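*Asks:* Could you have a look at this structure, given as structure tokens, before my questions?
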Amino acid sequence: MLGDKKQWGKLIKEGQAHITSDGYHGVGAMPPKGGKPDLTVAEFSSAVVYMANQAGANWKEPDEAMLKDINKRIAKKQSKS
Ligand code: HEM
């Protein structure tokens with residue numbers, strides 16, 4: 001939930017590439033891309049930055065290296081499912 005520092009604190013520790021790729025791919029009861037199939041990885045990543053920073057993180061809009069890491073993780077998940 002947006003702004004829940006206790007819950008988000010755990011996710012923030014897992015790292016930006018990790019939780020962004022989880023959310024984009026879909027995790028647990030969360031639908032892929034938050035249920036918006038037209039969202040790009042960059043758009044989805046921006047939303048995650050906003051959500052994490054609401055809970056005290058200081059994440060930046062992903063640069064090229066971060067996007068590459070996120071994309072790599074998504075591809076790995078897709079190859080498994
Ligand atoms: C663009 C919109 C959204 C973004 C950016 C977003 C982002 C995230 C992120 C970063 C996580 C944490 C992933 C992790 O555990 O590593 C998460 C978890 C979750 N989200 Fe979303 N989300 C979005 C929309 C939604 C929507 C629409 C739903 C419900 C229909 C939803 C349901 C959930 C649930 C249930 C989890 C917990 C999954 C689990 O650990 O079992 N999310 N979301």
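Chain identifiers are assigned as A, B, and so on, following the order in which chains appear in the structure tokens; residues are numbered from 1 within each chain, and ligands are numbered from 1 in order of appearance.
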With a cut-off of 8 Å, could you pull out the residues of chain A touching ligand 1 and give me the nearest pair of atoms for each, distance in Å to one decimal, using only C-alpha atoms and all ligand atoms, ordered by chain and ascending number, as a tab-separated table?
*Replies:*
```
residue	atom	partner	partner_atom_place_in_ligand_line	distance
A:Leu11	CA	ligand 1	16 (O)	6.2
A:Glu14	CA	ligand 1	16 (O)	7.5
A:His18	CA	ligand 1	16 (O)	6.3
A:Ile19	CA	ligand 1	16 (O)	3.7
A:Thr20	CA	ligand 1	10 (C)	5.1
A:Ser21	CA	ligand 1	16 (O)	7.5
A:Asp22	CA	ligand 1	16 (O)	4.8
A:Gly23	CA	ligand 1	9 (C)	4.5
A:Tyr24	CA	ligand 1	7 (C)	7.4
A:Gly26	CA	ligand 1	38 (C)	7.8
A:Val27	CA	ligand 1	38 (C)	5.0
A:Gly28	CA	ligand 1	41 (O)	3.4
A:Ala29	CA	ligand 1	35 (C)	4.2
A:Met30	CA	ligand 1	32 (C)	3.8
A:Pro31	CA	ligand 1	30 (C)	6.1
A:Lys33	CA	ligand 1	1 (C)	6.0
A:Gly34	CA	ligand 1	24 (C)	3.5
A:Gly35	CA	ligand 1	27 (C)	5.5
A:Lys36	CA	ligand 1	1 (C)	7.0
A:Leu39	CA	ligand 1	1 (C)	7.7
A:Phe44	CA	ligand 1	5 (C)	5.3
A:Ser45	CA	ligand 1	5 (C)	6.8
A:Ser46	CA	ligand 1	5 (C)	7.6
A:Ala47	CA	ligand 1	5 (C)	4.6
A:Val48	CA	ligand 1	5 (C)	4.6
A:Met51	CA	ligand 1	5 (C)	7.3
A:Ala52	CA	ligand 1	10 (C)	7.9
```
*Asks:* Which value, in Å to one decimal, gives the distance between CA of Pro62 in chain A and CA of Val49 in chain A?
*Replies:*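 We find that CA of Pro62 in chain A and CA of Val49 in chain A lie 8.4 Å from each other.
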*Asks:* What are the DSSP helix (DSSP H, G or I) residues of chain A, as a ChimeraX atom specification?
*Replies:* /A:5-14,16-25,32-35,41-54,64-80
*Asks:* What's around range 69-81 of chain A at 7 Å? Count only C-alpha atoms, leave out sequence neighbours fewer than 2 positions away in its own chain, and write the answer as a list of chain:residue names.
*Replies:* A:Ala17, A:Thr20, A:Ser21, A:His25, A:Ala65, A:Met66, A:Leu67
*Asks:* Taking into account only C-alpha atoms, which residue in the set A:Lys68, A:Asp63, A:Tyr50, A:Gly56 is nearest to Gln7 in chain A?
*Replies:*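 Result for the nearest residue to Gln7 in chain A: A:Gly56.
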